[in-house]
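Visitor: Shown below is the structure under consideration.
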Amino acid sequence: MTIVFWRCVFGATFMLLWCVALRYLPDRSLSIRSLVLSAMGGSCLVLSWAAFFAGLEMTSIATATIVMHVQPFIIVLISAFFLKERLTSDQVLWIVAAFIGLIFASGVGAGVGLVDRTWLLGIGITLIGAVCYALTAMIGKQLANQRPEVTALCQTVMGILIFLPFIDLHQTITLPSWGWLAAIGIIHSGIAWVIIYSALPKVPTPVVAILSFVYPIVAICIDWAIYDHPLGLLQAGGMIVIGIATLGVRLGWRLGGKRRSVSSGY
């Protein structure tokens with residue numbers, strides 16, 4: 001919670017300066033509805049961050065990252081059960097395949113020696129984070145007419161308000177730690193978001209879907225190279241299954257061989 005709080009502080013500061021510098025603020029088009037939706041989405045987003053960081057501590061970088069990447073399937077399921085969107089047989093099969101892959105990628109079905117109660121709890125918490133992130137993406141669809149930078153600012157401000165009561169502001173934080181906290185807030189919650197929001201409208205959906213796998217691949221490589229946590233053969237196989245299933249859902253692949261183009265959703 002401390003990491004997420006300071007990430008939001010540095011991220012909100014950067015986004016505020018960015019929005020003011022580019023005159024995105026003040027924005028007369030902001031409405032009570034958009035602010036409420038931004039607050040709801042921001043609440044889900046920062047809770048997903050907290051769950052993800054907890055999952056990292058209980059499992060590993062690679063495992064937690066892979067588990068978080070079942071978000072597209074959670075979005076499909078939420079849309080089907082709560083928004084009454086039609087769920088095709090192909091989507092059902094891709095979802096089933098993804099969760100089978102998740103079992104192996106998480107290590108539960110791969111016979112990994114590290115799997116214990118703490119590991120399983122970390123998997124569960126990370127899945128909760130994936131659900132929260134999926135809710136953020138769905139709420140974000142309702143904010144299509146709002147500047148994404150303004151939305152990001154609202155989300156980080158919401159994170160400050162949510163976690164402030166739980167933070168010990170007198171806690172001693174070393175200078176190197178301040179550097180990491182600032183980097184997470186400014187680079188990952190500021191610069192990276194600006195770049196992504198600027199690039200997404202210019203990039204075709206298939207490319208976005210494929211590029212989304214750069215993150216877990218890099219996380220797995222770092223986990224292996226720096227922390228000496230290589231994936232087992234079955235875990236790697238589970239990740240590949242998740243990857244194929246994710247592309248199948250995002251790009252509308254049909255198991256009969258025909259391809260149906262759809263939006264990436266978020």
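Ordering of the structure tokens sets the chain letters (A, B, ...), residue numbers begin anew at 1 in every chain, and ligands are numbered from 1 in the order given.
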Region 7-48 of chain A near region 163-177 of chain A within 10 Å: what's each residue's closest atom pair and its distance in Å to one decimal, counting only C-alpha atoms, ordered by chain then ascending residue number, as JSON lines?

Guide:
{"residue": "A:Cys8", "atom": "CA", "partner": "A:Phe163", "partner_atom": "CA", "distance": 9.4}
{"residue": "A:Val46", "atom": "CA", "partner": "A:Phe163", "partner_atom": "CA", "distance": 9.0}
{"residue": "A:Leu47", "atom": "CA", "partner": "A:Phe163", "partner_atom": "CA", "distance": 9.4}

Visitor: Report as a PDB file with all heavy atoms, in the first residue's frame all protein, DNA and RNA residues lying within 12 Å of Ile222 (chain A), evaluated on only C-alpha atoms, omitting residues in the same chain fewer than 4 positions from it.

Guide:
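Wrote it out as out_19.pdb, contents follow:
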ATOM      1  N   SER A  60       6.198 -14.864  -7.617  1.00  0.00           N
ATOM      2  CA  SER A  60       7.384 -14.388  -8.320  1.00  0.00           C
ATOM      3  C   SER A  60       6.952 -13.373  -9.364  1.00  0.00           C
ATOM      4  O   SER A  60       5.759 -13.251  -9.675  1.00  0.00           O
ATOM      5  CB  SER A  60       8.115 -15.551  -9.008  1.00  0.00           C
ATOM      6  OG  SER A  60       7.348 -16.061 -10.085  1.00  0.00           O
ATOM      7  N   ILE A  61       7.905 -12.625  -9.899  1.00  0.00           N
ATOM      8  CA  ILE A  61       7.585 -11.618 -10.902  1.00  0.00           C
ATOM      9  C   ILE A  61       6.896 -12.254 -12.103  1.00  0.00           C
ATOM     10  O   ILE A  61       5.865 -11.780 -12.586  1.00  0.00           O
ATOM     11  CB  ILE A  61       8.862 -10.881 -11.356  1.00  0.00           C
ATOM     12  CG1 ILE A  61       9.426 -10.047 -10.202  1.00  0.00           C
ATOM     13  CG2 ILE A  61       8.589  -9.997 -12.562  1.00  0.00           C
ATOM     14  CD1 ILE A  61      10.754  -9.390 -10.514  1.00  0.00           C
ATOM     15  N   ALA A  62       7.473 -13.349 -12.593  1.00  0.00           N
ATOM     16  CA  ALA A  62       6.934 -14.002 -13.788  1.00  0.00           C
ATOM     17  C   ALA A  62       5.526 -14.522 -13.539  1.00  0.00           C
ATOM     18  O   ALA A  62       4.610 -14.294 -14.332  1.00  0.00           O
ATOM     19  CB  ALA A  62       7.858 -15.137 -14.221  1.00  0.00           C
ATOM     20  N   THR A  65       2.871 -11.726 -13.033  1.00  0.00           N
ATOM     21  CA  THR A  65       2.621 -11.018 -14.295  1.00  0.00           C
ATOM     22  C   THR A  65       1.754 -11.855 -15.223  1.00  0.00           C
ATOM     23  O   THR A  65       0.826 -11.338 -15.859  1.00  0.00           O
ATOM     24  CB  THR A  65       3.951 -10.681 -14.987  1.00  0.00           C
ATOM     25  OG1 THR A  65       4.760  -9.901 -14.098  1.00  0.00           O
ATOM     26  CG2 THR A  65       3.703  -9.879 -16.254  1.00  0.00           C
ATOM     27  N   TYR A 215       5.382  -7.110 -22.284  1.00  0.00           N
ATOM     28  CA  TYR A 215       5.474  -6.947 -20.829  1.00  0.00           C
ATOM     29  C   TYR A 215       5.746  -8.273 -20.117  1.00  0.00           C
ATOM     30  O   TYR A 215       6.749  -8.389 -19.384  1.00  0.00           O
ATOM     31  CB  TYR A 215       4.195  -6.268 -20.327  1.00  0.00           C
ATOM     32  CG  TYR A 215       4.061  -6.135 -18.830  1.00  0.00           C
ATOM     33  CD1 TYR A 215       5.177  -6.111 -18.006  1.00  0.00           C
ATOM     34  CD2 TYR A 215       2.817  -6.006 -18.234  1.00  0.00           C
ATOM     35  CE1 TYR A 215       5.055  -5.988 -16.628  1.00  0.00           C
ATOM     36  CE2 TYR A 215       2.677  -5.872 -16.869  1.00  0.00           C
ATOM     37  CZ  TYR A 215       3.798  -5.876 -16.073  1.00  0.00           C
ATOM     38  OH  TYR A 215       3.671  -5.744 -14.725  1.00  0.00           O
ATOM     39  N   PRO A 216       4.903  -9.306 -20.279  1.00  0.00           N
ATOM     40  CA  PRO A 216       5.193 -10.553 -19.556  1.00  0.00           C
ATOM     41  C   PRO A 216       6.493 -11.208 -19.987  1.00  0.00           C
ATOM     42  O   PRO A 216       7.176 -11.823 -19.152  1.00  0.00           O
ATOM     43  CB  PRO A 216       3.983 -11.440 -19.887  1.00  0.00           C
ATOM     44  CG  PRO A 216       3.363 -10.842 -21.089  1.00  0.00           C
ATOM     45  CD  PRO A 216       3.623  -9.377 -21.010  1.00  0.00           C
ATOM     46  N   ILE A 217       6.859 -11.089 -21.264  1.00  0.00           N
ATOM     47  CA  ILE A 217       8.115 -11.693 -21.718  1.00  0.00           C
ATOM     48  C   ILE A 217       9.311 -11.033 -21.034  1.00  0.00           C
ATOM     49  O   ILE A 217      10.228 -11.697 -20.549  1.00  0.00           O
ATOM     50  CB  ILE A 217       8.238 -11.592 -23.249  1.00  0.00           C
ATOM     51  CG1 ILE A 217       7.227 -12.529 -23.914  1.00  0.00           C
ATOM     52  CG2 ILE A 217       9.652 -11.956 -23.705  1.00  0.00           C
ATOM     53  CD1 ILE A 217       7.140 -12.370 -25.414  1.00  0.00           C
ATOM     54  N   VAL A 218       9.292  -9.697 -20.967  1.00  0.00           N
ATOM     55  CA  VAL A 218      10.373  -8.972 -20.291  1.00  0.00           C
ATOM     56  C   VAL A 218      10.400  -9.326 -18.807  1.00  0.00           C
ATOM     57  O   VAL A 218      11.467  -9.534 -18.222  1.00  0.00           O
ATOM     58  CB  VAL A 218      10.202  -7.441 -20.479  1.00  0.00           C
ATOM     59  CG1 VAL A 218      11.185  -6.679 -19.594  1.00  0.00           C
ATOM     60  CG2 VAL A 218      10.422  -7.071 -21.933  1.00  0.00           C
ATOM     61  N   ILE A 226      17.872 -11.894 -13.152  1.00  0.00           N
ATOM     62  CA  ILE A 226      18.265 -11.160 -11.947  1.00  0.00           C
ATOM     63  C   ILE A 226      17.925 -11.929 -10.674  1.00  0.00           C
ATOM     64  O   ILE A 226      18.719 -11.968  -9.727  1.00  0.00           O
ATOM     65  CB  ILE A 226      17.592  -9.771 -11.929  1.00  0.00           C
ATOM     66  CG1 ILE A 226      18.070  -8.946 -13.139  1.00  0.00           C
ATOM     67  CG2 ILE A 226      17.903  -9.036 -10.626  1.00  0.00           C
ATOM     68  CD1 ILE A 226      17.452  -7.573 -13.230  1.00  0.00           C
ATOM     69  N   TYR A 227      16.759 -12.556 -10.646  1.00  0.00           N
ATOM     70  CA  TYR A 227      16.306 -13.208  -9.414  1.00  0.00           C
ATOM     71  C   TYR A 227      16.419 -14.724  -9.460  1.00  0.00           C
ATOM     72  O   TYR A 227      16.019 -15.398  -8.510  1.00  0.00           O
ATOM     73  CB  TYR A 227      14.866 -12.795  -9.103  1.00  0.00           C
ATOM     74  CG  TYR A 227      14.725 -11.315  -8.838  1.00  0.00           C
ATOM     75  CD1 TYR A 227      14.246 -10.460  -9.823  1.00  0.00           C
ATOM     76  CD2 TYR A 227      15.099 -10.768  -7.616  1.00  0.00           C
ATOM     77  CE1 TYR A 227      14.122  -9.093  -9.593  1.00  0.00           C
ATOM     78  CE2 TYR A 227      14.975  -9.415  -7.380  1.00  0.00           C
ATOM     79  CZ  TYR A 227      14.491  -8.578  -8.372  1.00  0.00           C
ATOM     80  OH  TYR A 227      14.382  -7.236  -8.151  1.00  0.00           O
ATOM     81  N   ASP A 228      16.932 -15.253 -10.575  1.00  0.00           N
ATOM     82  CA  ASP A 228      17.176 -16.689 -10.702  1.00  0.00           C
ATOM     83  C   ASP A 228      15.902 -17.506 -10.464  1.00  0.00           C
ATOM     84  O   ASP A 228      15.901 -18.502  -9.746  1.00  0.00           O
ATOM     85  CB  ASP A 228      18.280 -17.142  -9.729  1.00  0.00           C
ATOM     86  CG  ASP A 228      18.825 -18.528 -10.075  1.00  0.00           C
ATOM     87  OD1 ASP A 228      18.745 -18.906 -11.252  1.00  0.00           O
ATOM     88  OD2 ASP A 228      19.321 -19.203  -9.169  1.00  0.00           O
ATOM     89  N   HIS A 229      14.796 -17.052 -11.101  1.00  0.00           N
ATOM     90  CA  HIS A 229      13.521 -17.760 -11.019  1.00  0.00           C
ATOM     91  C   HIS A 229      13.085 -18.179 -12.422  1.00  0.00           C
ATOM     92  O   HIS A 229      12.160 -17.608 -12.990  1.00  0.00           O
ATOM     93  CB  HIS A 229      12.420 -16.875 -10.403  1.00  0.00           C
ATOM     94  CG  HIS A 229      12.619 -16.596  -8.964  1.00  0.00           C
ATOM     95  ND1 HIS A 229      12.084 -15.480  -8.328  1.00  0.00           N
ATOM     96  CD2 HIS A 229      13.301 -17.264  -8.008  1.00  0.00           C
ATOM     97  CE1 HIS A 229      12.422 -15.493  -7.052  1.00  0.00           C
ATOM     98  NE2 HIS A 229      13.159 -16.558  -6.830  1.00  0.00           N
ATOM     99  N   PRO A 230      13.743 -19.166 -13.004  1.00  0.00           N
ATOM    100  CA  PRO A 230      13.358 -19.585 -14.359  1.00  0.00           C
ATOM    101  C   PRO A 230      12.017 -20.315 -14.356  1.00  0.00           C
ATOM    102  O   PRO A 230      11.650 -20.963 -13.374  1.00  0.00           O
ATOM    103  CB  PRO A 230      14.489 -20.533 -14.767  1.00  0.00           C
ATOM    104  CG  PRO A 230      14.986 -21.095 -13.474  1.00  0.00           C
ATOM    105  CD  PRO A 230      14.848 -19.987 -12.468  1.00  0.00           C
ATOM    106  N   LEU A 231      11.284 -20.182 -15.455  1.00  0.00           N
ATOM    107  CA  LEU A 231      10.031 -20.913 -15.590  1.00  0.00           C
ATOM    108  C   LEU A 231      10.320 -22.368 -15.921  1.00  0.00           C
ATOM    109  O   LEU A 231      11.225 -22.672 -16.696  1.00  0.00           O
ATOM    110  CB  LEU A 231       9.184 -20.313 -16.710  1.00  0.00           C
ATOM    111  CG  LEU A 231       8.438 -19.002 -16.434  1.00  0.00           C
ATOM    112  CD1 LEU A 231       7.627 -18.616 -17.656  1.00  0.00           C
ATOM    113  CD2 LEU A 231       7.535 -19.124 -15.228  1.00  0.00           C
TER     114      LEU A 231
END

Visitor: Report as number ranges by chain: the residues of region 214-244 of chain A with a DSSP assignment of helix (DSSP H, G or I), based on the backbone of this structure.

Guide: A: 214-225, 233-244

Visitor: Just to be explicit: take each residue in the selection above, keep N, CA and C atoms, and write the result as a compact mmCIF listing (two decimals), in the first residue's frame.

Guide:
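again_8.txt, written as the output of this step:
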# COMPACT_ATOMS: atom_id res chain seq x y z
N VAL A 214 4.84 -8.12 -24.80
CA VAL A 214 6.21 -7.67 -24.51
C VAL A 214 6.41 -7.60 -22.99
N TYR A 215 5.38 -7.11 -22.28
CA TYR A 215 5.47 -6.95 -20.83
C TYR A 215 5.75 -8.27 -20.12
N PRO A 216 4.90 -9.31 -20.28
CA PRO A 216 5.19 -10.55 -19.56
C PRO A 216 6.49 -11.21 -19.99
N ILE A 217 6.86 -11.09 -21.26
CA ILE A 217 8.12 -11.69 -21.72
C ILE A 217 9.31 -11.03 -21.03
N VAL A 218 9.29 -9.70 -20.97
CA VAL A 218 10.37 -8.97 -20.29
C VAL A 218 10.40 -9.33 -18.81
N ALA A 219 9.21 -9.41 -18.18
CA ALA A 219 9.14 -9.76 -16.75
C ALA A 219 9.73 -11.13 -16.49
N ILE A 220 9.44 -12.10 -17.36
CA ILE A 220 9.96 -13.44 -17.20
C ILE A 220 11.48 -13.46 -17.36
N CYS A 221 11.98 -12.72 -18.34
CA CYS A 221 13.44 -12.66 -18.57
C CYS A 221 14.15 -12.03 -17.38
N ILE A 222 13.56 -10.95 -16.82
CA ILE A 222 14.17 -10.30 -15.66
C ILE A 222 14.14 -11.22 -14.45
N ASP A 223 13.02 -11.92 -14.26
CA ASP A 223 12.90 -12.85 -13.14
C ASP A 223 13.96 -13.93 -13.22
N TRP A 224 14.26 -14.36 -14.42
CA TRP A 224 15.28 -15.41 -14.62
C TRP A 224 16.69 -14.85 -14.49
N ALA A 225 16.95 -13.71 -15.13
CA ALA A 225 18.31 -13.17 -15.19
C ALA A 225 18.77 -12.58 -13.87
N LEU A 233 9.20 -26.09 -17.60
CA LEU A 233 8.69 -26.41 -18.93
C LEU A 233 7.17 -26.30 -18.99
N LEU A 234 6.48 -26.84 -17.99
CA LEU A 234 5.02 -26.78 -17.98
C LEU A 234 4.52 -25.35 -17.76
N GLN A 235 5.24 -24.57 -16.94
CA GLN A 235 4.86 -23.17 -16.75
C GLN A 235 4.99 -22.39 -18.05
N ALA A 236 6.09 -22.61 -18.76
CA ALA A 236 6.28 -21.94 -20.05
C ALA A 236 5.19 -22.36 -21.04
N GLY A 237 4.85 -23.65 -21.03
CA GLY A 237 3.77 -24.12 -21.89
C GLY A 237 2.45 -23.47 -21.55
N GLY A 238 2.18 -23.31 -20.24
CA GLY A 238 0.95 -22.65 -19.81
C GLY A 238 0.90 -21.21 -20.28
N MET A 239 2.03 -20.51 -20.24
CA MET A 239 2.07 -19.13 -20.71
C MET A 239 1.79 -19.06 -22.20
N ILE A 240 2.34 -20.00 -22.96
CA ILE A 240 2.10 -20.01 -24.41
C ILE A 240 0.62 -20.21 -24.70
N VAL A 241 -0.02 -21.12 -23.94
CA VAL A 241 -1.45 -21.35 -24.12
C VAL A 241 -2.24 -20.08 -23.83
N ILE A 242 -1.89 -19.39 -22.74
CA ILE A 242 -2.56 -18.13 -22.40
C ILE A 242 -2.37 -17.12 -23.52
N GLY A 243 -1.15 -17.04 -24.05
CA GLY A 243 -0.87 -16.09 -25.12
C GLY A 243 -1.70 -16.35 -26.36
N ILE A 244 -1.76 -17.60 -26.77
CA ILE A 244 -2.55 -17.96 -27.96
C ILE A 244 -4.04 -17.68 -27.73

Visitor: Taking only C-alpha atoms into account, which of A:Met58, A:Ala134, A:Leu102, A:Leu17 comes nearest Ile186 (chain A)?

Guide: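 Nearest to Ile186 (chain A): A:Leu17.
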
Visitor: Find, counting only C-alpha atoms, the residue in A:Ser29, A:Ala182, A:Lys141, A:Asp90 that gets nearest to Gly252 (chain A).

Guide: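 Smallest separation from Gly252 (chain A) among the options: A:Asp90.
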
Visitor: Leaving out Ala97 (chain A) and any residue of its chain fewer than 2 positions from it, which residues lie within 8 Å of it when counting only C-alpha atoms, given as a ChimeraX atom specification?

Guide: /A:93-95,99-101,241-242,245

Visitor: Produce a file of the selected residues containing all heavy atoms, as a short mmCIF file (atom, residue, chain, number, x, y, z; two decimals), in the first residue's frame.

Guide:
data_model
loop_
_atom_site.label_atom_id
_atom_site.label_comp_id
_atom_site.auth_asym_id
_atom_site.auth_seq_id
_atom_site.Cartn_x
_atom_site.Cartn_y
_atom_site.Cartn_z
N LEU A 93 -14.36 -21.52 -25.57
CA LEU A 93 -13.24 -22.44 -25.71
C LEU A 93 -11.92 -21.74 -25.45
O LEU A 93 -11.02 -22.30 -24.80
CB LEU A 93 -13.25 -23.06 -27.11
CG LEU A 93 -14.41 -24.04 -27.38
CD1 LEU A 93 -14.40 -24.49 -28.83
CD2 LEU A 93 -14.33 -25.24 -26.44
N TRP A 94 -11.78 -20.50 -25.92
CA TRP A 94 -10.54 -19.74 -25.66
C TRP A 94 -10.39 -19.47 -24.17
O TRP A 94 -9.29 -19.54 -23.62
CB TRP A 94 -10.54 -18.43 -26.44
CG TRP A 94 -10.30 -18.54 -27.91
CD1 TRP A 94 -11.07 -18.03 -28.91
CD2 TRP A 94 -9.20 -19.19 -28.57
NE1 TRP A 94 -10.54 -18.33 -30.14
CE2 TRP A 94 -9.38 -19.03 -29.96
CE3 TRP A 94 -8.09 -19.90 -28.12
CZ2 TRP A 94 -8.49 -19.56 -30.90
CZ3 TRP A 94 -7.20 -20.42 -29.05
CH2 TRP A 94 -7.40 -20.25 -30.41
N ILE A 95 -11.50 -19.15 -23.50
CA ILE A 95 -11.45 -18.88 -22.06
C ILE A 95 -11.05 -20.13 -21.29
O ILE A 95 -10.21 -20.09 -20.38
CB ILE A 95 -12.81 -18.34 -21.57
CG1 ILE A 95 -13.04 -16.94 -22.13
CG2 ILE A 95 -12.88 -18.32 -20.05
CD1 ILE A 95 -14.45 -16.41 -21.89
N PHE A 99 -7.61 -20.58 -18.95
CA PHE A 99 -7.56 -20.91 -17.53
C PHE A 99 -6.87 -22.24 -17.28
O PHE A 99 -6.29 -22.45 -16.21
CB PHE A 99 -8.97 -20.88 -16.95
CG PHE A 99 -9.45 -19.49 -16.63
CD1 PHE A 99 -10.23 -18.78 -17.53
CD2 PHE A 99 -9.06 -18.87 -15.47
CE1 PHE A 99 -10.64 -17.49 -17.25
CE2 PHE A 99 -9.46 -17.57 -15.18
CZ PHE A 99 -10.26 -16.87 -16.07
N ILE A 100 -6.89 -23.14 -18.27
CA ILE A 100 -6.06 -24.35 -18.15
C ILE A 100 -4.59 -23.94 -18.20
O ILE A 100 -3.76 -24.42 -17.42
CB ILE A 100 -6.38 -25.34 -19.29
CG1 ILE A 100 -7.79 -25.93 -19.09
CG2 ILE A 100 -5.34 -26.47 -19.33
CD1 ILE A 100 -8.26 -26.81 -20.22
N GLY A 101 -4.27 -23.02 -19.13
CA GLY A 101 -2.90 -22.50 -19.19
C GLY A 101 -2.50 -21.81 -17.91
O GLY A 101 -1.36 -21.92 -17.46
N VAL A 241 -0.02 -21.12 -23.94
CA VAL A 241 -1.45 -21.35 -24.12
C VAL A 241 -2.24 -20.08 -23.83
O VAL A 241 -3.17 -19.71 -24.57
CB VAL A 241 -1.93 -22.51 -23.21
CG1 VAL A 241 -3.45 -22.61 -23.23
CG2 VAL A 241 -1.31 -23.83 -23.66
N ILE A 242 -1.89 -19.39 -22.74
CA ILE A 242 -2.56 -18.13 -22.40
C ILE A 242 -2.37 -17.12 -23.52
O ILE A 242 -3.30 -16.41 -23.91
CB ILE A 242 -2.03 -17.57 -21.07
CG1 ILE A 242 -2.44 -18.47 -19.91
CG2 ILE A 242 -2.56 -16.15 -20.83
CD1 ILE A 242 -1.83 -18.07 -18.57
N ALA A 245 -4.52 -18.05 -26.54
CA ALA A 245 -5.93 -17.83 -26.22
C ALA A 245 -6.26 -16.33 -26.16
O ALA A 245 -7.33 -15.90 -26.59
CB ALA A 245 -6.28 -18.49 -24.89
#

Visitor: Can you tell me, as a list in words, what residues are no more than 7 Å from Gly140 (chain A) when counting only C-alpha atoms, ignoring any on the same chain fewer than 4 positions away?

Guide: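 Counting only C-alpha atoms, the residues come to Gly41, Thr136 and Ala144 of chain A.
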
Visitor: Store the residues picked out above in a file with all heavy atoms, as an mmCIF file, in the first residue's frame.

Guide:
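Dumped everything to out.cif:
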data_model
loop_
_atom_site.group_PDB
_atom_site.id
_atom_site.type_symbol
_atom_site.label_atom_id
_atom_site.label_comp_id
_atom_site.auth_asym_id
_atom_site.auth_seq_id
_atom_site.Cartn_x
_atom_site.Cartn_y
_atom_site.Cartn_z
ATOM 1 N N GLY A 41 -13.259 3.982 -11.661
ATOM 2 C CA GLY A 41 -12.187 3.301 -12.379
ATOM 3 C C GLY A 41 -10.855 3.416 -11.661
ATOM 4 O O GLY A 41 -10.085 2.447 -11.598
ATOM 5 N N THR A 136 -11.656 -1.710 -14.381
ATOM 6 C CA THR A 136 -11.128 -0.408 -14.791
ATOM 7 C C THR A 136 -11.256 -0.227 -16.296
ATOM 8 O O THR A 136 -11.659 0.839 -16.786
ATOM 9 C CB THR A 136 -9.649 -0.276 -14.386
ATOM 10 O OG1 THR A 136 -9.525 -0.405 -12.982
ATOM 11 C CG2 THR A 136 -9.090 1.075 -14.816
ATOM 12 N N ALA A 144 -14.750 7.514 -23.158
ATOM 13 C CA ALA A 144 -14.065 7.638 -24.447
ATOM 14 C C ALA A 144 -13.908 9.095 -24.878
ATOM 15 O O ALA A 144 -12.967 9.436 -25.601
ATOM 16 C CB ALA A 144 -14.822 6.853 -25.517
#

Visitor: Please identify all polymer residues within 12 Å of Ala152 (chain A), counting only C-alpha atoms, omitting same-chain residues fewer than 6 positions from it, and present them as number ranges by chain.

Guide: A: 8, 11-16, 18-19, 35, 37-39, 41-43, 45-46, 136, 140, 143, 146, 158-159, 185, 188-194, 196-197

Visitor: Quote the spacing between CA of Gly129 (chain A) and CA of Ile66 (chain A) in Å to one decimal place.

Guide: 12.1 Å

Visitor: For the atom pair CA of Val4 (chain A) and CA of Ser48 (chain A), what is the interatomic distance in Å to one decimal place?

Guide: 9.8 Å

Visitor: For Asp27 (chain A), which residue out of A:Ser198, A:Thr151, A:Thr156, A:Gln71 is the nearest one, using only C-alpha atoms?

Guide: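 Of all the options, A:Thr151 lies closest to Asp27 (chain A).
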